[in-house]
Every structure is written in C-alpha cells, then in structure tokens.
file structure.tsv (TSV, C-alpha atoms and all ligand atoms)
chain	number	residue	atom	x	y	z
O	299	MET	CA	120.35	58.30	183.68
O	300	ILE	CA	123.39	59.67	185.42
O	301	LYS	CA	124.60	57.74	188.43
O	302	GLY	CA	126.14	59.33	191.49
O	303	LYS	CA	127.19	57.57	194.69
O	304	LYS	CA	123.86	58.06	196.50
O	305	VAL	CA	121.54	59.44	193.82
O	306	VAL	CA	120.58	58.97	190.21
O	307	LEU	CA	119.76	61.97	188.02
O	308	ARG	CA	117.05	61.26	185.47
O	309	ALA	CA	114.95	63.30	183.07
O	310	LEU	CA	112.15	65.27	184.69
O	311	GLU	CA	108.78	63.93	183.49
O	312	LYS	CA	105.41	65.66	183.34
O	313	LYS	CA	104.11	63.23	185.94
O	314	ASP	CA	106.68	64.65	188.41
O	315	LEU	CA	105.01	68.07	188.38
O	316	LYS	CA	102.50	67.20	191.10
O	317	ARG	CA	105.36	66.60	193.52
O	318	CYS	CA	107.24	69.71	192.29
O	319	LEU	CA	104.13	71.81	192.97
O	320	LYS	CA	103.94	70.49	196.54
O	321	TRP	CA	107.59	71.43	197.13
O	322	VAL	CA	107.49	74.93	195.61
O	323	ASN	CA	104.43	75.69	197.73
O	324	ASP	CA	106.10	74.45	200.94
O	325	SER	CA	107.47	77.53	202.75
O	326	GLU	CA	109.92	75.38	204.72
O	327	VAL	CA	111.55	74.26	201.45
O	328	THR	CA	111.53	77.69	199.77
O	329	LYS	CA	112.27	80.03	202.68
O	330	ASP	CA	115.90	80.50	201.60
O	331	MET	CA	115.14	80.59	197.89
O	332	GLY	CA	114.19	83.48	195.60
O	333	THR	CA	110.58	82.37	195.07
O	334	SER	CA	107.85	84.33	196.84
O	335	PHE	CA	104.44	83.53	195.33
O	336	PRO	CA	102.18	80.47	195.62
O	337	LYS	CA	102.30	78.52	192.34
O	338	SER	CA	99.52	76.85	190.38
O	339	MET	CA	99.71	73.64	188.35
O	340	HIS	CA	99.23	75.77	185.23
O	341	GLU	CA	102.41	77.72	186.07
O	342	GLU	CA	104.30	74.49	186.74
O	343	GLU	CA	103.20	73.13	183.35
O	344	ARG	CA	104.31	76.33	181.60
O	345	TRP	CA	107.67	76.08	183.39
O	346	TYR	CA	107.99	72.47	182.23
O	347	GLU	CA	107.07	73.31	178.60
O	348	GLY	CA	109.66	76.12	178.65
O	349	ILE	CA	112.37	73.69	179.73
O	350	GLN	CA	111.53	71.25	176.93
O	351	LYS	CA	111.92	74.01	174.32
O	352	SER	CA	115.15	75.50	175.68
O	353	GLU	CA	118.69	74.54	174.70
O	354	LYS	CA	119.98	76.61	177.60
O	355	ARG	CA	118.30	74.73	180.45
O	356	LYS	CA	118.70	71.20	181.75
O	357	ILE	CA	116.63	70.08	184.74
O	358	PHE	CA	117.00	66.65	186.28
O	359	ALA	CA	114.96	64.76	188.82
O	360	ILE	CA	117.01	63.56	191.80
O	361	GLN	CA	116.19	59.98	192.64
O	362	ALA	CA	117.30	58.34	195.92
O	363	GLY	CA	116.55	54.68	195.31
O	364	LYS	CA	112.83	54.55	194.47
O	365	ARG	CA	112.15	57.95	196.02
O	366	TYR	CA	112.00	61.13	193.93
O	367	ILE	CA	113.42	63.75	196.33
O	368	GLY	CA	114.14	66.92	194.37
O	369	ASN	CA	115.37	68.68	191.25
O	370	ILE	CA	118.73	69.98	190.10
O	371	SER	CA	119.38	72.28	187.17
O	372	LEU	CA	122.03	73.69	184.91
O	373	GLU	CA	120.64	76.86	183.38
O	374	ASN	CA	121.80	79.92	181.45
O	375	ILE	CA	124.04	77.47	179.59
O	376	ASP	CA	126.48	79.55	177.59
O	377	TYR	CA	128.49	77.38	175.19
O	378	ARG	CA	130.63	80.27	173.96
O	379	ASN	CA	131.96	81.19	177.39
O	380	ARG	CA	131.41	77.62	178.64
O	381	LYS	CA	129.54	78.45	181.82
O	382	ALA	CA	126.17	77.76	183.45
O	383	THR	CA	124.29	78.41	186.68
O	384	LEU	CA	123.39	75.61	189.07
O	385	GLY	CA	120.17	75.38	191.06
O	386	ILE	CA	119.00	72.70	193.47
O	387	MET	CA	115.99	71.93	195.59
O	388	ILE	CA	115.67	68.83	197.74
O	389	GLY	CA	111.93	69.00	198.38
O	390	GLU	CA	111.63	66.04	200.73
O	391	LEU	CA	112.62	67.49	204.11
O	392	GLY	CA	113.49	64.07	205.53
O	393	TYR	CA	116.35	63.88	203.02
O	394	TRP	CA	118.10	67.07	204.11
O	395	ASN	CA	121.50	66.86	205.82
O	396	ARG	CA	122.13	63.31	204.65
O	397	GLY	CA	124.56	64.01	201.82
O	398	TYR	CA	122.04	63.75	198.97
O	399	GLY	CA	122.46	67.39	197.92
O	400	THR	CA	126.24	67.07	197.88
O	401	ASP	CA	126.11	63.94	195.77
O	402	ALA	CA	123.57	65.40	193.32
O	403	ILE	CA	125.73	68.52	192.87
O	404	LYS	CA	128.97	66.55	192.41
O	405	THR	CA	127.20	64.37	189.85
O	406	SER	CA	125.93	67.45	187.98
O	407	LEU	CA	129.40	69.01	188.01
O	408	SER	CA	130.82	65.85	186.52
O	409	LEU	CA	128.23	66.08	183.75
O	410	ALA	CA	128.94	69.80	183.24
O	411	PHE	CA	132.71	69.41	183.06
O	412	ASN	CA	133.24	65.95	181.61
O	413	GLU	CA	130.34	65.71	179.15
O	414	MET	CA	129.21	69.26	178.37
O	415	ASN	CA	132.76	70.63	178.37
O	416	LEU	CA	131.83	73.63	180.53
O	417	HIS	CA	134.54	75.64	182.23
O	418	LYS	CA	132.65	77.30	185.06
O	419	VAL	CA	129.51	76.62	187.10
O	420	TYR	CA	128.22	79.38	189.36
O	421	LEU	CA	125.24	80.17	191.55
O	422	TYR	CA	123.59	82.73	193.78
O	423	VAL	CA	122.69	81.98	197.39
O	424	PHE	CA	121.35	83.95	200.35
O	425	PRO	CA	124.21	84.43	202.86
O	426	SER	CA	121.79	83.15	205.55
O	427	ASN	CA	121.43	79.76	203.80
O	428	LYS	CA	124.20	78.11	205.81
O	429	ARG	CA	123.25	74.56	204.88
O	430	ALA	CA	123.43	75.31	201.17
O	431	ILE	CA	126.73	77.21	201.50
O	432	ARG	CA	128.31	74.34	203.44
O	433	CYS	CA	127.03	71.90	200.82
O	434	TYR	CA	128.42	74.02	197.94
O	435	LYS	CA	131.81	74.30	199.64
O	436	LYS	CA	131.95	70.50	200.00
O	437	CYS	CA	131.45	70.33	196.23
O	438	GLY	CA	134.34	72.69	195.50
O	439	PHE	CA	132.48	76.01	195.14
O	440	GLU	CA	134.33	79.11	196.31
O	441	LYS	CA	132.92	82.48	197.29
O	442	GLU	CA	133.33	85.12	194.56
O	443	GLY	CA	131.64	88.06	196.24
O	444	LEU	CA	128.34	89.69	197.11
O	445	VAL	CA	125.88	91.25	194.71
O	446	ARG	CA	124.21	94.01	196.72
O	447	ASP	CA	120.46	94.51	197.20
O	448	HIS	CA	119.83	91.93	194.50
O	449	VAL	CA	116.52	90.46	195.67
O	450	PHE	CA	113.53	92.06	197.40
O	451	LYS	CA	112.21	89.52	199.87
O	452	GLN	CA	110.48	89.71	203.25
O	453	GLY	CA	110.12	93.47	203.01
O	454	LYS	CA	113.75	94.31	202.27
O	455	TYR	CA	116.43	94.25	199.62
O	456	GLN	CA	118.84	91.43	200.26
O	457	ASP	CA	122.37	90.69	199.11
O	458	LEU	CA	123.20	87.45	197.35
O	459	LEU	CA	126.46	85.57	197.59
O	460	VAL	CA	128.00	84.43	194.28
O	461	MET	CA	129.84	81.12	194.42
O	462	SER	CA	131.55	79.27	191.61
O	463	VAL	CA	133.64	76.28	190.70
O	464	ILE	CA	136.09	76.31	187.82
O	465	ASN	CA	136.99	73.15	185.98
O	466	LYS	CA	140.69	72.68	186.45
O	467	GLY	CA	140.48	69.09	185.24
O	468	GLY	CA	140.14	65.93	187.25
O	469	MET	CA	136.44	66.23	188.26
O	470	LYS	CA	135.30	62.63	188.72
J	1	LIG	C1	120.55	73.23	200.32
J	1	LIG	C2	120.36	71.75	199.99
J	1	LIG	C3	120.45	71.55	198.49
J	1	LIG	C4	121.49	70.95	200.65
J	1	LIG	O1	121.28	69.58	200.40
J	1	LIG	P1	121.47	68.53	201.62
J	1	LIG	O2	121.31	67.19	201.06
J	1	LIG	O3	120.55	68.96	202.71
J	1	LIG	O4	122.99	68.85	202.01
J	1	LIG	P2	124.15	67.84	202.48
J	1	LIG	O5	123.63	66.91	203.50
J	1	LIG	O6	124.79	67.26	201.28
J	1	LIG	O7	125.16	68.90	203.13
J	1	LIG	C5	124.69	69.82	204.10
J	1	LIG	C6	125.84	70.26	205.00
J	1	LIG	O8	125.46	71.46	205.69
J	1	LIG	C7	125.59	71.26	207.07
J	1	LIG	N1	124.61	72.11	207.72
J	1	LIG	C8	123.27	71.91	207.90
J	1	LIG	N2	122.73	72.97	208.54
J	1	LIG	C9	123.73	73.86	208.75
J	1	LIG	C10	123.79	75.15	209.35
J	1	LIG	N3	122.70	75.73	209.86
J	1	LIG	N4	124.99	75.77	209.41
J	1	LIG	C11	126.11	75.21	208.87
J	1	LIG	N5	126.11	73.97	208.27
J	1	LIG	C12	124.93	73.32	208.21
J	1	LIG	C13	125.37	69.78	207.26
J	1	LIG	O9	125.86	69.34	208.51
J	1	LIG	C14	126.18	69.23	206.08
J	1	LIG	O10	127.57	69.36	206.27
J	1	LIG	P3	128.48	68.10	206.78
J	1	LIG	O11	128.28	67.00	205.77
J	1	LIG	O12	129.86	68.65	206.78
J	1	LIG	O13	127.97	67.73	208.13
J	1	LIG	C15	118.98	71.23	200.51
J	1	LIG	O14	118.98	71.27	201.92
J	1	LIG	C16	117.81	72.01	199.96
J	1	LIG	O15	117.39	71.74	198.85
J	1	LIG	N6	117.27	73.00	200.72
J	1	LIG	C17	116.09	73.77	200.32
J	1	LIG	C18	116.26	74.56	199.04
J	1	LIG	C19	117.52	75.38	199.00
J	1	LIG	O16	117.88	76.06	199.96
J	1	LIG	N7	118.19	75.32	197.84
J	1	LIG	C20	119.40	76.08	197.60
J	1	LIG	C21	119.07	77.45	197.16
J	1	LIG	S1	120.55	78.38	196.73

call {"tool": "encode", "arguments": {"input": "structure.tsv", "output": "structure tokens"}}
result
Amino acid sequence: MIKGKKVVLRALEKKDLKRCLKWVNDSEVTKDMGTSFPKSMHEEERWYEGIQKSEKRKIFAIQAGKRYIGNISLENIDYRNRKATLGIMIGELGYWNRGYGTDAIKTSLSLAFNEMNLHKVYLYVFPSNKRAIRCYKKCGFEKEGLVRDHVFKQGKYQDLLVMSVINKGGMK
C-alpha cells in the first residue's frame, strides 16, 4: 500500500469491479471523460484481466479511510523513454472537491518518480473539465498544447489538452 496524506493507494482487486462498473456507467462521473458506451461486467472483467497481464499498466484503488472512492492509473509505461500517462476517476461524487484527487495524484507522482524512476508523466483532458485541470495544476502539471479534433464525442470532434509534469527532482 502506498500512503498519501488523505488517501491510500492499494492494489485493485476483482471484488472492486462491481463498484467500478457502477462508476463507469454513471454519466455524471464520465461526462468529461473519453468513454461513451454503457459497460457490462464482462467488459470490466476483461479490462481487469488485461491489467494483470500487462507490464505497461498499473491501476490502483484509491482508499479514503474505509471507503473505496476511485481508481488511479499509470499506463503506457515506457521504461526506455521513462514516461507514462496518468488517469484518474473519483467515482464517489460526495468525495469531489475535497482534495482527494490532488492527494491521489501527488502520491502516484511520488511513486512514478521516486520508485519507478520515470522522467515524465502526462495526460489528456477535455479543456472543459475545469475541475480536473485545476487539480492537475495543483499537482505540478503544466499545459503542453492542444491535440486537435482528437475525440469524437457528443456529435462533434473535440480537442484535448495535453498536460505534463517533468521530474526535476525533489518530488516528495
Ligand atoms: C477530476 C477529479 C480527479 C478531481 O479530483 P477532486 O478530488 O474532485 O479534486 P480536488 O478537490 O483535489 O481539486 C479540485 C480543484 O478544482 C476546483 N474546481 C472545482 N470545480 C471547478 C470549476 N468548475 N472550475 C475551476 N475550478 C474548479 C476546486 O475548487 C479545487 O481547487 P482548490 O483546491 O484550489 O479549491 C475528480 O473530480 C474526478 O474524478 N472527476 C470525474 C472523472 C474525471 O473527470 N477524471 C479526469 C479525466 S481527465
């Protein structure tokens, strides 16, 4: 387990999938994310099996005390160029805007930089997702630029903002 100030990151277990399924099928949670289709338990199980087999993906459950509130991931892990993408979903709406996302991300960055020896962590976010962008900035992410017409969602092609943080040493 990896301890942050407010959260603990632990391994995602198969028994967590029921909760994951509820979150990915909640349009309030996913409205600013890339996902578009309703998901089945079978798809969730396949996703979980894929993670177990992959060296390039790490997904952690975010635990706030006894409550499991979301997932955070480091994916596309590239050990040659020492970079990875970060993804996060706090599925429990009552835990939004209370600093849990910020703490989970800072904890993951500490793992990425201090344990995995990565150099860069980056992500894609819809420019309209102001909460996420504010949260990423608090964690040290900077805007890199826009990738144009990158995702087709809600009837139109949408740009995505690329943000990244580079390990310059000293991430605690
Ligand atoms: C995005 C997400 C990870 C952020 O986690 P969180 O725990 O809610 O975020 P935090 O409380 O740590 O930080 C949110 C910040 O955004 C601010 N904020 C909230 N709504 C905002 C808005 N509409 N405009 C600007 N800032 C906003 C909050 O006030 C807070 O900043 P502050 O601490 O300076 O006051 C979480 O809300 C989530 O999982 N959302 C759904 C899925 C998602 O969008 N994932 C990201 C996909 S790229």

call {"tool": "residues_around", "arguments": {"input": "structure.tsv", "residues": "Met331 of chain O", "least_positions_apart": "6", "cutoff": "12 Å", "atoms": "only C-alpha atoms", "output": "ChimeraX atom specification"}}
result
/O:321-325,385-388,421-427,430,449-452,456,458

call {"tool": "residues_near_ligand", "arguments": {"input": "structure.tsv", "ligand": "ligand LIG 1 (chain J)", "cutoff": "6 Å", "atoms": "only C-alpha atoms and all ligand atoms", "output": "PDB file with C-alpha atoms, keeping the file's coordinate frame"}}
result
ATOM      1  CA  VAL O 327     111.550  74.260 201.450  1.00  0.00           C
ATOM      2  CA  THR O 328     111.530  77.690 199.770  1.00  0.00           C
ATOM      3  CA  ASP O 330     115.900  80.500 201.600  1.00  0.00           C
ATOM      4  CA  MET O 331     115.140  80.590 197.890  1.00  0.00           C
ATOM      5  CA  ILE O 386     119.000  72.700 193.470  1.00  0.00           C
ATOM      6  CA  MET O 387     115.990  71.930 195.590  1.00  0.00           C
ATOM      7  CA  ILE O 388     115.670  68.830 197.740  1.00  0.00           C
ATOM      8  CA  TRP O 394     118.100  67.070 204.110  1.00  0.00           C
ATOM      9  CA  ASN O 395     121.500  66.860 205.820  1.00  0.00           C
ATOM     10  CA  ARG O 396     122.130  63.310 204.650  1.00  0.00           C
ATOM     11  CA  GLY O 397     124.560  64.010 201.820  1.00  0.00           C
ATOM     12  CA  TYR O 398     122.040  63.750 198.970  1.00  0.00           C
ATOM     13  CA  GLY O 399     122.460  67.390 197.920  1.00  0.00           C
ATOM     14  CA  THR O 400     126.240  67.070 197.880  1.00  0.00           C
ATOM     15  CA  VAL O 423     122.690  81.980 197.390  1.00  0.00           C
ATOM     16  CA  LYS O 428     124.200  78.110 205.810  1.00  0.00           C
ATOM     17  CA  ARG O 429     123.250  74.560 204.880  1.00  0.00           C
ATOM     18  CA  ALA O 430     123.430  75.310 201.170  1.00  0.00           C
ATOM     19  CA  ARG O 432     128.310  74.340 203.440  1.00  0.00           C
ATOM     20  CA  CYS O 433     127.030  71.900 200.820  1.00  0.00           C
TER      21      CYS O 433
END

call {"tool": "closest_residue", "arguments": {"input": "structure.tsv", "among": "O:His340, O:Arg308, O:Lys454, O:Lys354", "to": "Gly368 of chain O", "atoms": "only C-alpha atoms"}}
result
O:Arg308

call {"tool": "closest_residue", "arguments": {"input": "structure.tsv", "among": "O:His448, O:Lys303, O:Lys404, O:Arg317", "to": "Ala359 of chain O", "atoms": "all atoms listed in the file"}}
result
O:Arg317

call {"tool": "residues_around", "arguments": {"input": "structure.tsv", "residues": "Met339 of chain O", "least_positions_apart": "3", "cutoff": "10 Å", "atoms": "only C-alpha atoms", "output": "CSV table (one decimal) with C-alpha atoms, in the frame of the given file"}}
result
chain,number,residue,atom,x,y,z
O,315,LEU,CA,105.0,68.1,188.4
O,316,LYS,CA,102.5,67.2,191.1
O,318,CYS,CA,107.2,69.7,192.3
O,319,LEU,CA,104.1,71.8,193.0
O,320,LYS,CA,103.9,70.5,196.5
O,342,GLU,CA,104.3,74.5,186.7
O,343,GLU,CA,103.2,73.1,183.4
O,344,ARG,CA,104.3,76.3,181.6
O,345,TRP,CA,107.7,76.1,183.4

call {"tool": "closest_residue", "arguments": {"input": "structure.tsv", "among": "O:Asn374, O:Tyr366, O:Ser334, O:Leu307", "to": "Ser352 of chain O", "atoms": "all atoms listed in the file"}}
result
O:Asn374

call {"tool": "closest_residue", "arguments": {"input": "structure.tsv", "among": "O:Leu416, O:Tyr455, O:Thr405, O:Gln361", "to": "Cys437 of chain O", "atoms": "all atoms listed in the file"}}
result
O:Thr405

call {"tool": "axis_aligned_box", "arguments": {"input": "structure.tsv", "around": "segment 382-400 of chain O", "padding_each_side": "6 Å", "output": "lines of an AutoDock Vina configuration file"}}
result
center_x = 118.9
center_y = 70.9
center_z = 194.6
size_x = 26.6
size_y = 27.1
size_z = 34.4

call {"tool": "atom_distance", "arguments": {"input": "structure.tsv", "atom1": "atom CA of Ile360 of chain O", "atom2": "atom CA of Arg380 of chain O"}}
result
24.0 Å

call {"tool": "atom_distance", "arguments": {"input": "structure.tsv", "atom1": "atom CA of Lys441 of chain O", "atom2": "atom CA of Met461 of chain O"}}
result
4.4 Å

call {"tool": "atom_distance", "arguments": {"input": "structure.tsv", "atom1": "atom CA of Lys356 of chain O", "atom2": "atom CA of Leu372 of chain O"}}
result
5.2 Å

call {"tool": "closest_residue", "arguments": {"input": "structure.tsv", "among": "O:Ile431, O:Ala402, O:Leu391, O:Val463", "to": "Ile300 of chain O", "atoms": "only C-alpha atoms"}}
result
O:Ala402
